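For reference, target.cif is printed below; it contains mmCIF, C-alpha atoms.
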data_final
loop_
_atom_site.label_atom_id
_atom_site.label_comp_id
_atom_site.auth_asym_id
_atom_site.auth_seq_id
_atom_site.Cartn_x
_atom_site.Cartn_y
_atom_site.Cartn_z
CA GLN A 1 0.00 0.00 0.00
CA VAL A 2 1.04 3.62 -0.45
CA GLN A 3 3.25 4.97 2.28
CA LEU A 4 4.45 8.55 2.56
CA VAL A 5 6.71 9.35 5.47
CA GLU A 6 7.69 12.94 6.07
CA SER A 7 10.71 13.98 8.10
CA GLY A 8 12.91 16.97 8.77
CA GLY A 9 10.56 19.13 10.80
CA GLY A 10 11.60 20.81 14.01
CA VAL A 11 12.15 24.20 15.58
CA VAL A 12 14.04 26.79 13.55
CA GLN A 13 14.67 30.48 14.01
CA PRO A 14 13.12 33.06 11.68
CA GLY A 15 15.24 33.71 8.63
CA ARG A 16 16.88 30.30 8.71
CA SER A 17 16.53 27.38 6.31
CA LEU A 18 15.31 23.81 6.58
CA ARG A 19 14.69 20.91 4.23
CA LEU A 20 11.79 18.52 4.56
CA SER A 21 11.83 15.04 3.06
CA CYS A 22 9.11 12.60 2.14
CA ALA A 23 10.03 8.95 1.60
CA ALA A 24 7.56 7.23 -0.71
CA SER A 25 6.80 3.56 -1.18
CA GLY A 26 4.04 1.28 -2.43
CA PHE A 27 3.71 2.89 -5.85
CA THR A 28 5.85 3.86 -8.83
CA PHE A 29 7.13 7.19 -7.56
CA ARG A 30 8.52 8.42 -10.87
CA PHE A 31 5.08 8.19 -12.48
CA ARG A 32 3.32 10.54 -10.08
CA ALA A 33 3.19 14.28 -9.45
CA MET A 34 3.72 15.11 -5.78
CA HIS A 35 2.47 17.94 -3.60
CA TRP A 36 3.24 19.62 -0.30
CA VAL A 37 0.26 20.87 1.71
CA ARG A 38 0.52 22.55 5.10
CA GLN A 39 -1.73 23.23 8.06
CA ALA A 40 -0.99 25.90 10.64
CA PRO A 41 -2.01 25.04 14.21
CA GLY A 42 -5.79 25.17 14.54
CA LYS A 43 -6.20 26.33 10.94
CA GLY A 44 -7.25 24.86 7.61
CA LEU A 45 -5.27 23.28 4.83
CA GLU A 46 -3.08 25.34 2.51
CA TRP A 47 -1.65 24.00 -0.74
CA VAL A 48 2.06 24.84 -0.93
CA ALA A 49 3.72 23.36 -4.00
CA VAL A 50 3.60 20.64 -6.66
CA ILE A 51 6.19 18.96 -8.84
CA SER A 52 5.26 17.07 -11.98
CA TYR A 53 6.04 13.38 -12.39
CA ASP A 54 9.21 14.12 -14.35
CA GLY A 55 10.29 17.16 -12.36
CA SER A 56 9.98 19.46 -15.33
CA ASN A 57 7.21 21.58 -13.86
CA LYS A 58 7.08 23.11 -10.42
CA TYR A 59 4.42 25.43 -9.08
CA TYR A 60 4.11 27.31 -5.81
CA ALA A 61 1.57 29.16 -3.72
CA ASP A 62 2.19 32.91 -3.67
CA SER A 63 2.88 32.71 0.07
CA VAL A 64 6.05 30.65 -0.49
CA LYS A 65 7.13 31.58 -4.01
CA GLY A 66 10.77 32.61 -4.13
CA ARG A 67 11.50 31.11 -0.70
CA PHE A 68 10.58 27.43 -1.05
CA THR A 69 11.81 24.93 -3.64
CA ILE A 70 10.22 21.56 -4.33
CA SER A 71 12.34 18.79 -5.80
CA ARG A 72 12.43 15.04 -6.16
CA ASP A 73 14.98 12.25 -6.37
CA ASP A 74 13.41 9.34 -8.21
CA SER A 75 16.42 7.13 -7.48
CA LYS A 76 15.60 7.46 -3.78
CA ASN A 77 11.80 7.67 -4.13
CA THR A 78 11.99 10.87 -2.12
CA LEU A 79 10.31 14.26 -2.34
CA TYR A 80 11.88 17.36 -0.83
CA LEU A 81 10.89 20.85 0.20
CA GLN A 82 13.75 23.30 0.70
CA MET A 83 12.52 26.19 2.80
CA ASN A 84 14.55 29.39 3.04
CA SER A 85 13.97 32.71 4.78
CA LEU A 86 11.52 31.07 7.14
CA ARG A 87 8.90 33.16 8.87
CA ALA A 88 6.70 32.64 11.91
CA GLU A 89 3.71 32.20 9.59
CA ASP A 90 5.39 29.15 8.03
CA THR A 91 4.77 27.29 11.30
CA ALA A 92 2.61 24.32 10.34
CA VAL A 93 2.34 20.60 9.87
CA TYR A 94 3.63 19.85 6.38
CA TYR A 95 2.02 16.97 4.50
CA CYS A 96 3.38 15.16 1.49
CA VAL A 97 0.58 14.22 -0.91
CA LYS A 98 0.68 11.87 -3.88
CA GLU A 99 -1.28 12.57 -7.02
CA ALA A 100 -4.28 10.26 -7.34
CA ASP A 101 -4.01 7.38 -9.81
CA SER A 102 -6.25 9.18 -12.27
CA GLY A 103 -3.46 11.71 -12.72
CA TRP A 104 -3.17 15.49 -12.97
CA PRO A 105 -4.63 17.57 -11.39
CA THR A 106 -5.61 15.49 -8.37
CA LEU A 107 -4.43 14.92 -4.82
CA GLY A 108 -4.63 11.38 -3.49
CA ASP A 109 -2.80 9.75 -0.61
CA TRP A 110 -1.46 11.76 2.30
CA GLY A 111 1.44 11.25 4.65
CA GLN A 112 1.14 11.76 8.39
CA GLY A 113 2.93 15.09 8.30
CA THR A 114 5.92 16.70 9.97
CA LEU A 115 5.70 19.74 12.24
CA LEU A 116 7.76 22.83 11.55
CA THR A 117 7.91 25.54 14.19
CA VAL A 118 9.52 28.84 13.31
CA SER A 119 10.30 30.70 16.48
CA SER A 120 13.13 32.60 18.10
CA GLN B 1 -7.40 36.81 -5.07
CA THR B 2 -9.95 34.04 -5.53
CA VAL B 3 -11.40 32.63 -2.34
CA VAL B 4 -12.86 29.14 -2.09
CA THR B 5 -15.88 29.19 0.18
CA GLN B 6 -17.30 26.50 2.46
CA GLU B 7 -19.88 26.56 5.23
CA PRO B 8 -17.97 27.00 8.52
CA SER B 9 -20.16 24.46 10.26
CA PHE B 10 -23.03 22.08 9.65
CA SER B 11 -25.05 19.69 11.74
CA VAL B 12 -26.78 16.46 10.78
CA SER B 13 -28.75 13.85 12.68
CA PRO B 14 -27.56 10.25 12.70
CA GLY B 15 -29.00 8.55 9.64
CA GLY B 16 -29.70 11.85 7.98
CA THR B 17 -28.43 13.37 4.77
CA VAL B 18 -26.25 16.44 4.53
CA THR B 19 -24.80 18.32 1.58
CA LEU B 20 -21.67 20.40 2.03
CA THR B 21 -20.77 22.90 -0.66
CA CYS B 22 -17.65 24.43 -2.15
CA GLY B 23 -17.94 27.68 -4.04
CA LEU B 24 -15.98 30.60 -5.39
CA SER B 25 -16.00 34.17 -4.17
CA SER B 26 -16.35 35.12 -7.80
CA GLY B 27 -17.73 32.82 -10.44
CA SER B 28 -19.08 29.31 -10.62
CA VAL B 29 -17.46 25.98 -9.87
CA SER B 30 -17.53 23.48 -12.73
CA THR B 31 -15.93 20.13 -13.36
CA ASN B 32 -13.05 22.04 -14.93
CA TYR B 33 -11.95 22.90 -11.40
CA TYR B 34 -11.62 19.16 -10.55
CA PRO B 35 -13.20 19.68 -7.11
CA SER B 36 -11.93 17.29 -4.48
CA TRP B 37 -12.96 16.58 -0.90
CA TYR B 38 -10.99 15.60 2.19
CA GLN B 39 -12.01 14.42 5.64
CA GLN B 40 -9.91 15.21 8.68
CA THR B 41 -10.47 14.34 12.31
CA PRO B 42 -8.50 16.25 14.97
CA GLY B 43 -4.91 15.12 15.28
CA GLN B 44 -5.05 13.02 12.12
CA ALA B 45 -3.86 13.53 8.57
CA PRO B 46 -6.50 14.34 5.97
CA ARG B 47 -8.03 11.50 4.00
CA THR B 48 -9.10 11.91 0.39
CA LEU B 49 -12.79 11.14 -0.10
CA MET B 50 -13.46 12.33 -3.60
CA HIS B 51 -11.57 13.83 -6.50
CA SER B 52 -12.43 15.09 -9.97
CA THR B 53 -15.93 16.04 -8.76
CA ASN B 54 -17.33 12.55 -8.16
CA THR B 55 -14.57 9.91 -8.23
CA ARG B 56 -14.58 8.18 -4.89
CA SER B 57 -11.21 7.23 -3.44
CA SER B 58 -10.47 3.62 -2.64
CA GLY B 59 -12.23 2.41 0.49
CA VAL B 60 -14.62 5.35 0.74
CA PRO B 61 -18.20 4.17 1.35
CA ASN B 62 -20.72 4.92 -1.37
CA ARG B 63 -22.81 6.98 1.03
CA PHE B 64 -20.34 9.73 0.15
CA SER B 65 -21.03 11.26 -3.24
CA GLY B 66 -19.80 14.29 -5.13
CA SER B 67 -21.52 16.51 -7.65
CA ILE B 68 -21.96 19.99 -9.02
CA LEU B 69 -25.05 21.67 -7.61
CA GLY B 70 -25.86 24.96 -9.22
CA ASN B 71 -22.69 27.01 -9.15
CA LYS B 72 -20.91 24.99 -6.46
CA ALA B 73 -19.30 21.63 -5.93
CA ALA B 74 -21.08 19.48 -3.41
CA LEU B 75 -20.31 16.57 -1.11
CA THR B 76 -23.37 14.65 0.02
CA ILE B 77 -23.32 12.22 2.92
CA THR B 78 -26.31 9.90 2.98
CA GLY B 79 -27.08 8.03 6.17
CA ALA B 80 -24.69 9.99 8.35
CA GLN B 81 -22.88 8.05 11.04
CA ALA B 82 -21.27 9.19 14.25
CA ASP B 83 -17.78 8.70 12.87
CA ASP B 84 -18.56 11.09 10.02
CA GLU B 85 -18.14 13.88 12.55
CA SER B 86 -15.03 15.57 11.14
CA ASN B 87 -13.72 18.59 9.33
CA TYR B 88 -14.28 18.51 5.58
CA TYR B 89 -12.15 20.45 3.12
CA CYS B 90 -12.56 21.00 -0.56
CA VAL B 91 -9.86 22.03 -3.01
CA LEU B 92 -10.22 23.50 -6.47
CA TYR B 93 -7.69 23.41 -9.26
CA MET B 94 -7.37 26.97 -10.58
CA GLY B 95 -5.27 26.02 -13.58
CA SER B 96 -1.63 26.93 -14.23
CA GLY B 97 -0.50 24.54 -11.54
CA ILE B 98 -2.32 26.22 -8.67
CA TRP B 99 -4.71 24.66 -6.15
CA VAL B 100 -6.73 26.52 -3.51
CA PHE B 101 -8.35 24.95 -0.46
CA GLY B 102 -11.57 26.10 1.10
CA GLY B 103 -11.62 27.05 4.76
CA GLY B 104 -13.26 23.78 5.77
CA THR B 105 -16.60 22.75 7.25
CA LYS B 106 -16.89 21.33 10.74
CA LEU B 107 -19.58 18.66 10.60
CA THR B 108 -21.34 17.67 13.78
CA VAL B 109 -23.45 14.50 13.95
CA LEU B 110 -26.03 14.74 16.71
#
What would you get if you wrote out this structure as C-alpha cells?
Amino acid sequence: QVQLVESGGGVVQPGRSLRLSCAASGFTFRFRAMHWVRQAPGKGLEWVAVISYDGSNKYYADSVKGRFTISRDDSKNTLYLQMNSLRAEDTAVYYCVKEADSGWPTLGDWGQGTLLTVSS
Amino acid sequence: QTVVTQEPSFSVSPGGTVTLTCGLSSGSVSTNYYPSWYQQTPGQAPRTLMHSTNTRSSGVPNRFSGSILGNKAALTITGAQADDESNYYCVLYMGSGIWVFGGGTKLTVL
C-alpha cells in the first residue's frame, strides 16, 4: 500500500533554512506528481507546491514563491521541500501528498505530516 | 485573489443526509476545477474522499457522493454516522499549476 513518510521538521529560528523530506513507497514514484500541503495550528489546509512526475514543472503558492523549492529524487523515491527565509507564519504541519491514480490535477494519498515551528 | 468558500459548520442527525458545498467568491465551480474533498479528524492527517468532482477514493463508502449543484461543488453524505463527525475540506484546481483549499466545514453528527 502507499506509504508517505515525512521527516525533517523541528524548531528553527526566523530567517533560517530547513529541508523537509518525504520517503515514498508502495507505488511507482517516478510516475506521479507530488504535492506539499501545510496546516498551521488550529487552521485549515493550505496548498504549498507541486512537482510534476518528471520534475519538469514546479508550481508554488504565492505565500512561499521565491522562498521554497520543491524537488524530487526518483532514485531514492523521495520528495523534498527546501525552505529558506523562514517566517513565523510558516509554522505548520507539512504533509506530502501523492497525485491520485487518475493523474493530474488530483491529490490522493497523504502522509502523516511533519511539524515545523519557526520561532526565536 | 480568488477565495474558495465553504460553510464554517453544519449539523446532521444520525442517519440523515447532509450536503456540504464548495464555491468561489467570484464565479461558478464546474468540473473544470476538478473539485476534491478531504475528511480530517482532529490530530489526524487528511483522508481523500473524492476527486475530480465525483470519483470516490479507494475504500470510501458509497454513502459519500460528489456533484456539481448549481454554481458549487457538493459533497453529500447519505445516512450519516457518528464517525462522520469531522472537518471537511474542498480544493479547487485553478489552472496553471495552482490549487486553492476552502476554509473547511466542521460537521457535527447529533
**Request:** To one decimal in Å, tell me the separation between CA of Ser58 (chain B) and CA of Gly26 (chain A).
**Result:** 14.7 Å
**Prompt:** Do you know which residues the PyMOL selection byres ((chain B and resi 62-74) around 8) returns on this file, as a VMD selection string?
**Reply:** chain B and resid 19 to 24 27 to 31 35 49 to 50 53 to 56 60 to 61 75 to 79
Would you export the selected residues with C-alpha atoms as a JSON list (two decimals), in the coordinates of the input, please?
[["chain", "number", "residue", "atom", "x", "y", "z"],
["B", 19, "THR", "CA", -24.80, 18.32, 1.58],
["B", 20, "LEU", "CA", -21.67, 20.40, 2.03],
["B", 21, "THR", "CA", -20.77, 22.90, -0.66],
["B", 22, "CYS", "CA", -17.65, 24.43, -2.15],
["B", 23, "GLY", "CA", -17.94, 27.68, -4.04],
["B", 24, "LEU", "CA", -15.98, 30.60, -5.39],
["B", 27, "GLY", "CA", -17.73, 32.82, -10.44],
["B", 28, "SER", "CA", -19.08, 29.31, -10.62],
["B", 29, "VAL", "CA", -17.46, 25.98, -9.87],
["B", 30, "SER", "CA", -17.53, 23.48, -12.73],
["B", 31, "THR", "CA", -15.93, 20.13, -13.36],
["B", 35, "PRO", "CA", -13.20, 19.68, -7.11],
["B", 49, "LEU", "CA", -12.79, 11.14, -0.10],
["B", 50, "MET", "CA", -13.46, 12.33, -3.60],
["B", 53, "THR", "CA", -15.93, 16.04, -8.76],
["B", 54, "ASN", "CA", -17.33, 12.55, -8.16],
["B", 55, "THR", "CA", -14.57, 9.91, -8.23],
["B", 56, "ARG", "CA", -14.58, 8.18, -4.89],
["B", 60, "VAL", "CA", -14.62, 5.35, 0.74],
["B", 61, "PRO", "CA", -18.20, 4.17, 1.35],
["B", 75, "LEU", "CA", -20.31, 16.57, -1.11],
["B", 76, "THR", "CA", -23.37, 14.65, 0.02],
["B", 77, "ILE", "CA", -23.32, 12.22, 2.92],
["B", 78, "THR", "CA", -26.31, 9.90, 2.98],
["B", 79, "GLY", "CA", -27.08, 8.03, 6.17]]
**Request:** Please evaluate the PyMOL selection byres ((chain A and resi 100-104) around 10) against the displayed coordinates and give the resulting residues as a ChimeraX atom specification.
**Result:** /A:27,31-34,52-53,97-99,105-109 /B:34,48,51-52,55,57,93,97
**Request:** Rounded to one decimal place, report the CA of Val11 (chain A)-CA of Ser75 (chain A) distance in Å.
**Result:** 29.0 Å
Considering all atoms listed in the file, give me a table of residues in chain A that are at most 8 Å from chain B, with the closest atom pair and distance in Å for each, as a tab-separated table.
residue	atom	partner	partner_atom	distance
A:Gly44	CA	B:Gly103	CA	5.7
A:Leu45	CA	B:Phe101	CA	6.3
A:Glu46	CA	B:Phe101	CA	6.1
A:Trp47	CA	B:Trp99	CA	6.3
A:Val50	CA	B:Gly97	CA	7.5
A:Lys58	CA	B:Gly97	CA	7.8
A:Tyr59	CA	B:Gly97	CA	5.6
A:Tyr60	CA	B:Ile98	CA	7.1
A:Ala61	CA	B:Ile98	CA	6.9
A:Tyr95	CA	B:Ala45	CA	7.9
A:Pro105	CA	B:Tyr93	CA	6.9
A:Thr106	CA	B:His51	CA	6.5
A:Leu107	CA	B:His51	CA	7.4
A:Gly108	CA	B:Thr48	CA	5.9
A:Asp109	CA	B:Thr48	CA	6.7
A:Trp110	CA	B:Pro46	CA	6.7
A:Gly111	CA	B:Ala45	CA	7.0
A:Gln112	CA	B:Ala45	CA	5.3
A:Gly113	CA	B:Ala45	CA	7.0
Taking the file above as input, evaluate the PyMOL selection byres ((chain A and resi 92) around 7) and report the hits as a PDB file with C-alpha atoms, in the frame of the given file.
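The new file selection_9.pdb reads:
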ATOM      1  CA  ARG A  38       0.520  22.550   5.100  1.00  0.00           C
ATOM      2  CA  GLN A  39      -1.730  23.230   8.060  1.00  0.00           C
ATOM      3  CA  ALA A  40      -0.990  25.900  10.640  1.00  0.00           C
ATOM      4  CA  PRO A  41      -2.010  25.040  14.210  1.00  0.00           C
ATOM      5  CA  ASP A  90       5.390  29.150   8.030  1.00  0.00           C
ATOM      6  CA  THR A  91       4.770  27.290  11.300  1.00  0.00           C
ATOM      7  CA  VAL A  93       2.340  20.600   9.870  1.00  0.00           C
ATOM      8  CA  TYR A  94       3.630  19.850   6.380  1.00  0.00           C
ATOM      9  CA  LEU A 115       5.700  19.740  12.240  1.00  0.00           C
ATOM     10  CA  LEU A 116       7.760  22.830  11.550  1.00  0.00           C
ATOM     11  CA  THR A 117       7.910  25.540  14.190  1.00  0.00           C
TER      12      THR A 117
END
**Item:** Distance query 10 Å from (14.5, 23.9, 16.8) using all atoms listed in the file, result as a count of residues only
**Value:** 10
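For Leu18 (chain A), the set of protein, DNA and RNA residues having any atom at most 7 Å away, when counting all atoms listed in the file and skipping those fewer than 5 positions along the same chain, is Gln82, Met83 and Asn84 of chain A.
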**Request:** May I ask for the distance between CA of Thr41 (chain B) and CA of Thr108 (chain B), given in Å to one decimal place?
**Result:** 11.5 Å
Pull out region 58-100 of chain B, keep C-alpha atoms, and write it as a PDB file, in the first residue's frame.
ATOM      1  CA  SER B  58     -10.466   3.617  -2.640  1.00  0.00           C
ATOM      2  CA  GLY B  59     -12.226   2.414   0.486  1.00  0.00           C
ATOM      3  CA  VAL B  60     -14.621   5.352   0.735  1.00  0.00           C
ATOM      4  CA  PRO B  61     -18.198   4.170   1.349  1.00  0.00           C
ATOM      5  CA  ASN B  62     -20.724   4.921  -1.375  1.00  0.00           C
ATOM      6  CA  ARG B  63     -22.806   6.982   1.028  1.00  0.00           C
ATOM      7  CA  PHE B  64     -20.339   9.732   0.155  1.00  0.00           C
ATOM      8  CA  SER B  65     -21.025  11.260  -3.238  1.00  0.00           C
ATOM      9  CA  GLY B  66     -19.797  14.287  -5.133  1.00  0.00           C
ATOM     10  CA  SER B  67     -21.517  16.505  -7.651  1.00  0.00           C
ATOM     11  CA  ILE B  68     -21.956  19.994  -9.025  1.00  0.00           C
ATOM     12  CA  LEU B  69     -25.050  21.671  -7.611  1.00  0.00           C
ATOM     13  CA  GLY B  70     -25.856  24.962  -9.225  1.00  0.00           C
ATOM     14  CA  ASN B  71     -22.686  27.005  -9.153  1.00  0.00           C
ATOM     15  CA  LYS B  72     -20.914  24.988  -6.457  1.00  0.00           C
ATOM     16  CA  ALA B  73     -19.299  21.628  -5.934  1.00  0.00           C
ATOM     17  CA  ALA B  74     -21.077  19.479  -3.409  1.00  0.00           C
ATOM     18  CA  LEU B  75     -20.314  16.569  -1.108  1.00  0.00           C
ATOM     19  CA  THR B  76     -23.374  14.653   0.023  1.00  0.00           C
ATOM     20  CA  ILE B  77     -23.323  12.220   2.923  1.00  0.00           C
ATOM     21  CA  THR B  78     -26.314   9.899   2.978  1.00  0.00           C
ATOM     22  CA  GLY B  79     -27.085   8.028   6.169  1.00  0.00           C
ATOM     23  CA  ALA B  80     -24.692   9.994   8.352  1.00  0.00           C
ATOM     24  CA  GLN B  81     -22.882   8.048  11.044  1.00  0.00           C
ATOM     25  CA  ALA B  82     -21.270   9.187  14.254  1.00  0.00           C
ATOM     26  CA  ASP B  83     -17.777   8.705  12.870  1.00  0.00           C
ATOM     27  CA  ASP B  84     -18.564  11.093  10.023  1.00  0.00           C
ATOM     28  CA  GLU B  85     -18.142  13.885  12.554  1.00  0.00           C
ATOM     29  CA  SER B  86     -15.035  15.570  11.139  1.00  0.00           C
ATOM     30  CA  ASN B  87     -13.716  18.591   9.330  1.00  0.00           C
ATOM     31  CA  TYR B  88     -14.279  18.507   5.583  1.00  0.00           C
ATOM     32  CA  TYR B  89     -12.154  20.446   3.124  1.00  0.00           C
ATOM     33  CA  CYS B  90     -12.555  21.003  -0.561  1.00  0.00           C
ATOM     34  CA  VAL B  91      -9.859  22.030  -3.005  1.00  0.00           C
ATOM     35  CA  LEU B  92     -10.217  23.501  -6.468  1.00  0.00           C
ATOM     36  CA  TYR B  93      -7.689  23.408  -9.263  1.00  0.00           C
ATOM     37  CA  MET B  94      -7.368  26.971 -10.578  1.00  0.00           C
ATOM     38  CA  GLY B  95      -5.266  26.017 -13.576  1.00  0.00           C
ATOM     39  CA  SER B  96      -1.634  26.934 -14.234  1.00  0.00           C
ATOM     40  CA  GLY B  97      -0.495  24.543 -11.541  1.00  0.00           C
ATOM     41  CA  ILE B  98      -2.319  26.222  -8.666  1.00  0.00           C
ATOM     42  CA  TRP B  99      -4.710  24.663  -6.148  1.00  0.00           C
ATOM     43  CA  VAL B 100      -6.731  26.518  -3.514  1.00  0.00           C
TER      44      VAL B 100
END
